[in-house]
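Reproduced below: model_11.txt, with compact mmCIF, C-alpha atoms.
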# COMPACT_ATOMS: atom_id res chain seq x y z
CA MET A 1 0.00 0.00 0.00
CA LYS A 2 2.74 2.47 0.94
CA PHE A 3 4.46 2.17 -2.45
CA SER A 4 1.57 1.43 -4.81
CA ILE A 5 -1.04 3.71 -3.23
CA GLY A 6 0.62 5.72 -0.46
CA GLY A 7 3.15 7.43 -2.74
CA PRO A 8 0.67 8.59 -5.39
CA LEU A 9 -1.77 9.55 -2.62
CA LYS A 10 0.77 11.84 -0.96
CA LEU A 11 1.81 13.27 -4.34
CA ALA A 12 -1.77 14.02 -5.41
CA PHE A 13 -3.21 15.33 -2.12
CA ARG A 14 -0.05 16.56 -0.33
CA PRO A 15 -1.38 15.93 3.22
CA TRP A 16 0.22 18.04 5.94
CA VAL A 17 1.26 16.32 9.16
CA GLU A 18 2.04 17.56 12.66
CA GLY A 19 3.45 15.44 15.47
CA LEU A 20 5.16 12.62 13.57
CA GLU A 21 7.77 12.55 16.32
CA ASN A 22 5.08 11.16 18.64
CA ILE A 23 4.97 7.86 16.72
CA PRO A 24 7.49 5.42 18.29
CA ALA A 25 10.08 3.98 15.93
CA GLU A 26 9.36 0.51 17.28
CA GLY A 27 7.17 -1.27 19.78
CA PRO A 28 3.39 -1.43 20.23
CA ALA A 29 1.13 1.61 20.26
CA ILE A 30 -2.55 2.35 19.69
CA LEU A 31 -3.50 5.09 17.25
CA ALA A 32 -6.92 6.40 18.30
CA SER A 33 -8.37 8.66 15.61
CA ASN A 34 -11.50 10.57 14.82
CA HIS A 35 -13.32 9.20 11.78
CA LEU A 36 -14.55 11.57 9.08
CA SER A 37 -14.18 9.61 5.85
CA PHE A 38 -13.50 6.21 4.33
CA SER A 39 -10.18 7.68 3.20
CA ASP A 40 -8.93 8.13 6.79
CA SER A 41 -7.60 4.56 6.72
CA PHE A 42 -5.51 5.46 3.65
CA PHE A 43 -4.10 8.87 4.55
CA LEU A 44 -2.90 7.99 8.06
CA PRO A 45 -0.89 4.86 7.08
CA ALA A 46 0.44 6.66 4.00
CA VAL A 47 2.25 9.31 6.06
CA LEU A 48 3.81 6.84 8.53
CA ASP A 49 6.91 4.71 8.02
CA ARG A 50 5.43 1.87 10.06
CA LYS A 51 2.53 -0.39 9.18
CA VAL A 52 -0.81 0.34 10.87
CA THR A 53 -3.40 -2.40 11.22
CA PHE A 54 -7.04 -1.35 11.51
CA ILE A 55 -10.04 -3.52 12.15
CA ALA A 56 -12.51 -3.30 9.26
CA LYS A 57 -16.16 -4.26 9.07
CA ALA A 58 -16.71 -7.75 7.72
CA GLU A 59 -18.85 -6.48 4.84
CA TYR A 60 -15.67 -5.29 3.12
CA PHE A 61 -14.56 -8.93 2.92
CA THR A 62 -17.87 -10.64 2.12
CA THR A 63 -19.57 -8.43 -0.49
CA PRO A 64 -20.37 -10.53 -3.59
CA GLY A 65 -19.50 -9.69 -7.19
CA VAL A 66 -16.35 -8.49 -8.92
CA LYS A 67 -16.21 -5.23 -6.97
CA GLY A 68 -16.68 -7.14 -3.72
CA ARG A 69 -13.86 -9.56 -4.51
CA MET A 70 -11.55 -6.70 -5.44
CA THR A 71 -12.39 -4.87 -2.21
CA ALA A 72 -11.77 -8.01 -0.14
CA ALA A 73 -8.45 -8.65 -1.88
CA PHE A 74 -7.35 -5.08 -1.24
CA PHE A 75 -8.19 -5.12 2.47
CA LYS A 76 -6.55 -8.50 2.94
CA GLY A 77 -3.50 -7.29 1.05
CA VAL A 78 -2.97 -4.31 3.33
CA GLY A 79 -3.41 -6.44 6.45
CA GLN A 80 -6.79 -5.21 7.67
CA LEU A 81 -8.71 -7.44 10.06
CA PRO A 82 -12.37 -8.33 9.37
CA VAL A 83 -14.74 -8.00 12.33
CA ASP A 84 -18.44 -8.80 12.23
CA ARG A 85 -20.13 -5.82 13.86
CA SER A 86 -23.58 -7.41 13.86
CA GLY A 87 -22.82 -10.09 16.42
CA GLY A 88 -23.19 -8.04 19.59
CA ARG A 89 -20.82 -8.95 22.41
CA GLY A 90 -19.13 -11.69 20.37
CA ALA A 91 -18.17 -9.18 17.69
CA GLY A 92 -16.78 -6.82 20.31
CA GLU A 93 -14.68 -9.56 21.87
CA ALA A 94 -13.31 -10.48 18.44
CA ALA A 95 -12.27 -6.88 17.83
CA ILE A 96 -10.55 -6.69 21.21
CA LYS A 97 -8.69 -9.96 20.63
CA SER A 98 -7.58 -8.74 17.19
CA GLY A 99 -6.18 -5.56 18.69
CA VAL A 100 -4.39 -7.41 21.47
CA ASP A 101 -2.80 -9.80 18.95
CA VAL A 102 -1.49 -6.92 16.83
CA LEU A 103 -0.01 -5.14 19.83
CA GLN A 104 1.57 -8.28 21.24
CA ARG A 105 3.48 -8.55 17.97
CA GLY A 106 4.91 -5.11 18.70
CA GLU A 107 2.97 -3.38 15.92
CA LEU A 108 0.73 -0.32 15.58
CA PHE A 109 -3.00 -0.84 16.01
CA GLY A 110 -5.41 1.76 14.62
CA ILE A 111 -8.91 2.23 16.01
CA TYR A 112 -11.77 4.71 15.66
CA PRO A 113 -13.26 5.13 19.16
CA GLU A 114 -16.48 6.62 17.74
CA GLY A 115 -17.15 3.24 16.15
CA THR A 116 -18.33 4.69 12.84
CA ARG A 117 -17.87 7.73 10.64
CA SER A 118 -19.18 11.04 11.88
CA PRO A 119 -22.42 11.85 10.05
CA ASP A 120 -21.88 15.63 10.12
CA GLY A 121 -18.23 16.40 10.82
CA ARG A 122 -18.64 16.71 14.59
CA LEU A 123 -16.84 14.55 17.16
CA TYR A 124 -19.04 12.03 18.94
CA ARG A 125 -18.78 10.11 22.20
CA GLY A 126 -16.22 7.31 22.16
CA LYS A 127 -17.26 3.73 22.76
CA PRO A 128 -15.35 2.35 25.77
CA GLY A 129 -15.44 -1.38 24.94
CA GLY A 130 -12.69 -1.56 22.34
CA LEU A 131 -10.10 1.17 22.79
CA ALA A 132 -9.90 1.21 26.58
CA ARG A 133 -9.97 -2.56 27.05
CA VAL A 134 -7.21 -3.11 24.49
CA ALA A 135 -5.10 -0.35 26.04
CA LEU A 136 -5.46 -1.68 29.59
CA ALA A 137 -5.03 -5.32 28.57
CA THR A 138 -1.76 -4.65 26.75
CA GLY A 139 -0.33 -1.59 28.50
CA ALA A 140 0.35 -0.04 25.09
CA PRO A 141 0.38 3.77 24.93
CA VAL A 142 -2.56 5.45 23.23
CA ILE A 143 -1.66 8.11 20.67
CA PRO A 144 -4.54 10.48 19.83
CA VAL A 145 -4.84 11.38 16.15
CA ALA A 146 -6.97 14.03 14.43
CA MET A 147 -7.85 13.77 10.76
CA ILE A 148 -8.57 17.20 9.29
CA ASP A 149 -10.88 17.89 6.30
CA THR A 150 -10.96 14.31 4.98
CA GLU A 151 -14.76 14.45 4.94
CA LYS A 152 -14.52 17.24 2.37
CA ILE A 153 -12.35 15.10 0.09
CA GLN A 154 -14.69 12.12 0.00
CA PRO A 155 -18.04 12.64 1.73
CA PRO A 156 -20.14 9.51 2.42
CA GLY A 157 -21.72 8.26 -0.80
CA LYS A 158 -19.23 10.01 -3.09
CA VAL A 159 -17.01 7.81 -5.26
CA MET A 160 -14.68 10.36 -6.84
CA PRO A 161 -12.52 12.29 -4.34
CA LYS A 162 -11.97 16.03 -4.50
CA LEU A 163 -8.35 17.14 -4.80
CA MET A 164 -7.48 19.19 -1.71
CA ARG A 165 -5.00 19.01 1.18
CA PRO A 166 -6.11 17.08 4.26
CA GLY A 167 -4.31 17.37 7.55
CA ILE A 168 -3.20 14.95 10.27
CA ARG A 169 -2.33 16.00 13.82
CA ILE A 170 -0.69 13.40 16.05
CA GLY A 171 -0.74 14.02 19.77
CA ARG A 172 1.55 12.90 22.56
CA PRO A 173 1.20 9.32 23.80
CA LEU A 174 -1.15 8.78 26.74
CA ASP A 175 -0.11 6.35 29.46
CA PHE A 176 -2.88 4.47 31.26
CA SER A 177 -0.68 2.06 33.20
CA ARG A 178 -2.21 3.45 36.40
CA TYR A 179 -5.34 1.48 35.52
CA SER A 180 -3.52 -1.81 34.89
CA GLY A 181 -5.71 -4.83 35.65
CA MET A 182 -8.92 -2.77 35.66
CA GLU A 183 -10.03 -3.44 32.08
CA HIS A 184 -13.35 -4.84 33.30
CA ASP A 185 -14.27 -1.80 35.40
CA ARG A 186 -16.81 0.11 33.33
CA PHE A 187 -16.13 3.39 35.13
CA VAL A 188 -12.42 3.11 34.37
CA LEU A 189 -13.16 2.22 30.73
CA ARG A 190 -15.38 5.29 30.46
CA ALA A 191 -12.73 7.54 32.04
CA VAL A 192 -9.97 6.27 29.72
CA THR A 193 -12.13 6.70 26.63
CA ASP A 194 -13.26 10.19 27.61
CA GLU A 195 -9.67 11.28 28.21
CA VAL A 196 -8.67 10.09 24.74
CA MET A 197 -11.69 11.76 23.12
CA TYR A 198 -10.83 15.03 24.87
CA GLU A 199 -7.32 14.94 23.41
CA ILE A 200 -8.72 14.19 19.94
CA MET A 201 -11.13 17.12 20.32
CA LYS A 202 -8.26 19.47 21.19
CA LEU A 203 -6.24 18.27 18.19
CA SER A 204 -9.10 18.38 15.69
CA GLY A 205 -10.96 21.48 16.85
CA GLN A 206 -14.24 19.64 16.28
CA GLU A 207 -17.43 20.38 18.15
CA TYR A 208 -18.01 17.57 20.65
CA VAL A 209 -21.40 15.86 20.92
CA ASP A 210 -22.00 13.68 23.97
CA ILE A 211 -23.96 10.95 22.21
CA TYR A 212 -22.81 8.01 20.13
CA ALA A 213 -22.43 8.57 16.39
CA THR A 214 -24.63 5.54 15.71
CA ALA A 215 -27.46 7.20 17.67
CA ALA A 216 -26.90 10.44 15.78
CA LYS A 217 -27.12 8.58 12.47
CA ARG A 218 -30.43 7.04 13.56
CA GLN A 219 -31.75 10.45 14.52
CA ILE A 220 -30.66 11.93 11.20
CA ALA A 221 -32.22 9.01 9.30
CA GLU A 222 -35.46 9.30 11.26
CA ALA A 223 -35.56 13.07 10.72
CA ALA A 224 -34.96 12.59 6.99
CA LYS A 225 -37.69 9.95 6.87
CA ALA A 226 -40.09 12.22 8.74
CA GLN A 227 -39.25 15.11 6.43
CA LYS A 228 -39.81 12.94 3.37
CA GLN A 229 -43.14 11.77 4.77
CA ALA A 230 -44.13 15.35 5.55
CA GLN A 231 -43.25 16.37 1.99
CA LYS A 232 -45.39 13.52 0.62
CA GLU A 233 -48.28 14.56 2.84
CA ALA A 234 -47.84 18.19 1.78
CA GLN A 235 -47.82 17.14 -1.88
CA LYS A 236 -50.98 15.08 -1.36
CA GLU A 237 -52.68 18.02 0.37
CA ALA A 238 -51.55 20.39 -2.37
CA GLU A 239 -52.83 17.97 -5.03
CA GLN A 240 -56.16 17.63 -3.22
CA ALA A 241 -56.39 21.40 -2.87
CA ARG A 242 -55.72 21.74 -6.61
CA LYS A 243 -58.44 19.21 -7.40
CA ASP A 244 -60.88 20.94 -5.03
CA ALA A 245 -60.11 24.30 -6.61
CA GLU A 246 -60.55 22.83 -10.12
CA GLN A 247 -63.85 21.28 -9.07
CA ALA A 248 -64.99 24.57 -7.58
CA ARG A 249 -64.11 26.40 -10.80
CA THR A 250 -65.97 23.79 -12.85
CA GLU A 251 -69.04 24.08 -10.66
CA ALA A 252 -68.82 27.86 -10.87
CA ARG A 253 -68.72 27.68 -14.69
CA HIS A 254 -71.68 25.33 -14.73
CA GLU A 255 -73.58 27.62 -12.40
CA ALA A 256 -72.73 30.58 -14.61
CA ASP A 257 -73.92 28.65 -17.68
CA ARG A 258 -77.18 27.75 -15.97
CA ALA A 259 -77.69 31.35 -14.91
CA GLY A 260 -76.99 32.54 -18.46
CA ARG A 261 -79.47 30.11 -19.95
CA ALA A 262 -82.09 31.16 -17.39
CA ASP A 263 -81.56 34.81 -18.28
CA LYS A 264 -81.99 34.02 -22.01
CA GLU A 265 -85.13 32.03 -21.39
CA GLN A 266 -86.57 34.84 -19.28
CA THR A 267 -85.70 37.45 -21.92
CA GLY A 268 -87.21 35.33 -24.72
CA SER A 269 -90.44 34.86 -22.87
When written as structure tokens, how does the structure in this file appear?
Amino acid sequence: MKFSIGGPLKLAFRPWVEGLENIPAEGPAILASNHLSFSDSFFLPAVLDRKVTFIAKAEYFTTPGVKGRMTAAFFKGVGQLPVDRSGGRGAGEAAIKSGVDVLQRGELFGIYPEGTRSPDGRLYRGKPGGLARVALATGAPVIPVAMIDTEKIQPPGKVMPKLMRPGIRIGRPLDFSRYSGMEHDRFVLRAVTDEVMYEIMKLSGQEYVDIYATAAKRQIAEAAKAQKQAQKEAQKEAEQARKDAEQARTEARHEADRAGRADKEQTGS
């Protein structure tokens, strides 16, 4: 990826980077990033000398057809790990185990604490199950990362990217060794996650929203559905009003015709 895609990517988009010195030259570390675009998983590894392994949703590996096979081959080729996000707790445990395995090999593990892409460019509440548990189970430092403007390059649903410079800010490593052995304490998991999200917020300058991005997406989808339904109802009402007005005009013409014929009959008599 770094030579076949990373080089042309850097040449075409010229991403600017701050804080590269915060990435260790060797040894395990967790890169915890905000998530604005599908392209985040390309730009961040492209600017680093070391390999970064992200977990990726299983759909990228199981989609049928030629495009699906090409997508699966690409993600396998760059070392991404498929995780089924539909399996509840089992899926979460698989993601955690994958992260622990990567870190135990002394590699870099990338994770998006929000769990999904931001629907509107704001920073949403981090999910504590993955990031914090992997960090406490392994003792690996957590390095906050902020992707800047990647959502403008390739918004959700857009295939062709827009040529512009994205940015990447890499913060100082966070040490959570003080919580060693407490990876099953939900209050500790929440505290660790919130501390990481606060650092990401400072790096990115995003507005923070204290709900999960998945909930925000549901709200946006429900609002869009309600708006669409309201528009349909408004169109139906407008159509009915048009028909009523047309009927009223027709009746008025008929009444005028009847009145005219009555006047003629009266004049003739």
Query - Non-local contacts of Pro28 (chain A) (6 Å; only C-alpha atoms; under 3 positions in same chain excluded) as number ranges by chain - result: A: 103, 106-108, 140
Report task. Write out as number ranges by chain each polymer residue whose atoms come within 8 Å of region 207-213 of chain A, counting all atoms listed in the file; drop sequence neighbours fewer than 6 positions from it. Result -> A: 114-119, 122-127, 201
For Lys51 (chain A): contacts at 10 Å, all atoms listed in the file, fewer than 2 positions along chain excluded, given as a compact mmCIF listing (two decimals) with C-alpha atoms, in the frame of the given file:
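The resulting file, selection_4.txt, is shown below:
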# COMPACT_ATOMS: atom_id res chain seq x y z
CA MET A 1 0.00 0.00 0.00
CA LYS A 2 2.74 2.47 0.94
CA PRO A 45 -0.89 4.86 7.08
CA ALA A 46 0.44 6.66 4.00
CA LEU A 48 3.81 6.84 8.53
CA ASP A 49 6.91 4.71 8.02
CA THR A 53 -3.40 -2.40 11.22
CA PHE A 54 -7.04 -1.35 11.51
CA VAL A 78 -2.97 -4.31 3.33
CA GLY A 79 -3.41 -6.44 6.45
CA GLU A 107 2.97 -3.38 15.92
CA LEU A 108 0.73 -0.32 15.58
CA PHE A 109 -3.00 -0.84 16.01
CA GLY A 110 -5.41 1.76 14.62
Query raised in the report: What lies within 9 Å of Ser33 (chain A) using all atoms listed in the file, ignoring chain neighbours under 6 positions off, as a list in words?
Result: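 Once the adjacent positions are removed, what remains is Asp40, Gly110, Ile111, Tyr112, Pro113, Glu114, Ile143, Pro144, Val145, Ala146, Met147, Met197 and Ile200 of chain A.
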Close residues, Phe74 (chain A) itself excluded, 12 Å, all atoms listed in the file, min 2 positions apart in chain, as an mmCIF file with C-alpha atoms, in the frame of the given file:
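Dumped to around-v3.cif:
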data_model
loop_
_atom_site.group_PDB
_atom_site.id
_atom_site.type_symbol
_atom_site.label_atom_id
_atom_site.label_comp_id
_atom_site.auth_asym_id
_atom_site.auth_seq_id
_atom_site.Cartn_x
_atom_site.Cartn_y
_atom_site.Cartn_z
ATOM 1 C CA MET A 1 0.000 0.000 0.000
ATOM 2 C CA SER A 4 1.570 1.430 -4.810
ATOM 3 C CA ILE A 5 -1.040 3.710 -3.230
ATOM 4 C CA PHE A 42 -5.510 5.460 3.650
ATOM 5 C CA ALA A 56 -12.510 -3.300 9.260
ATOM 6 C CA TYR A 60 -15.670 -5.290 3.120
ATOM 7 C CA PHE A 61 -14.560 -8.930 2.920
ATOM 8 C CA LYS A 67 -16.210 -5.230 -6.970
ATOM 9 C CA GLY A 68 -16.680 -7.140 -3.720
ATOM 10 C CA ARG A 69 -13.860 -9.560 -4.510
ATOM 11 C CA MET A 70 -11.550 -6.700 -5.440
ATOM 12 C CA THR A 71 -12.390 -4.870 -2.210
ATOM 13 C CA ALA A 72 -11.770 -8.010 -0.140
ATOM 14 C CA LYS A 76 -6.550 -8.500 2.940
ATOM 15 C CA GLY A 77 -3.500 -7.290 1.050
ATOM 16 C CA VAL A 78 -2.970 -4.310 3.330
ATOM 17 C CA GLY A 79 -3.410 -6.440 6.450
ATOM 18 C CA GLN A 80 -6.790 -5.210 7.670
ATOM 19 C CA LEU A 81 -8.710 -7.440 10.060
#
Requested in this report: Name the residues within 7 Å of (-6.5, 12.8, 3.3), counting all atoms listed in the file in the file's coordinates, and put them as a PyMOL selection string.
Outcome: chain A and resi 13+15+39-40+43+150+165-167
Requested in this report: Grab the CA of Ala135 (chain A) to CA of Arg169 (chain A) distance for me, in Å with one decimal place.
Outcome: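 Atom-to-atom, CA of Ala135 (chain A) and CA of Arg169 (chain A) are spaced 20.6 Å apart.
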Report task. Find the distance between CA of Ile96 (chain A) and CA of Arg133 (chain A) and write it in Å to one decimal. Result ->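 Between these atoms lies a distance of 7.2 Å.
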Query - Given only C-alpha atoms as the counted atoms, nearest of A:Arg172, A:Lys97, A:Arg218, A:Arg249 to Leu203 (chain A) - result: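 Among A:Arg172, A:Lys97, A:Arg218, A:Arg249, it is A:Arg172 that comes nearest to Leu203 (chain A).
Here CA of Lys228 (chain A) and CA of Ala241 (chain A) stand 19.6 Å from one another.
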**Report entry** Closest of A:Ala25, A:Ile153, A:Leu11, A:Leu174 to Val196 (chain A) - atom-to-atom distances counting only C-alpha atoms
**Finding:**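 Looking only at the distances to Val196 (chain A), the closest residue turns out to be A:Leu174.
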Query raised in the report: Pick from A:Ala221, A:Val134, A:Ile168, A:Ile30: nearest to Arg14 (chain A), with all atoms listed in the file counted?
Result: A:Ile168
Report task. Go through A:Ile220, A:Val159, A:Ala29, A:Ile148 one by one, measure the shortest atom-to-atom distance of each to Gly99 (chain A) using all atoms listed in the file, and give the residue with the smallest value. Result ->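 Checking each of A:Ile220, A:Val159, A:Ala29, A:Ile148 against Gly99 (chain A), counting all atoms listed in the file, the winner is A:Ala29.
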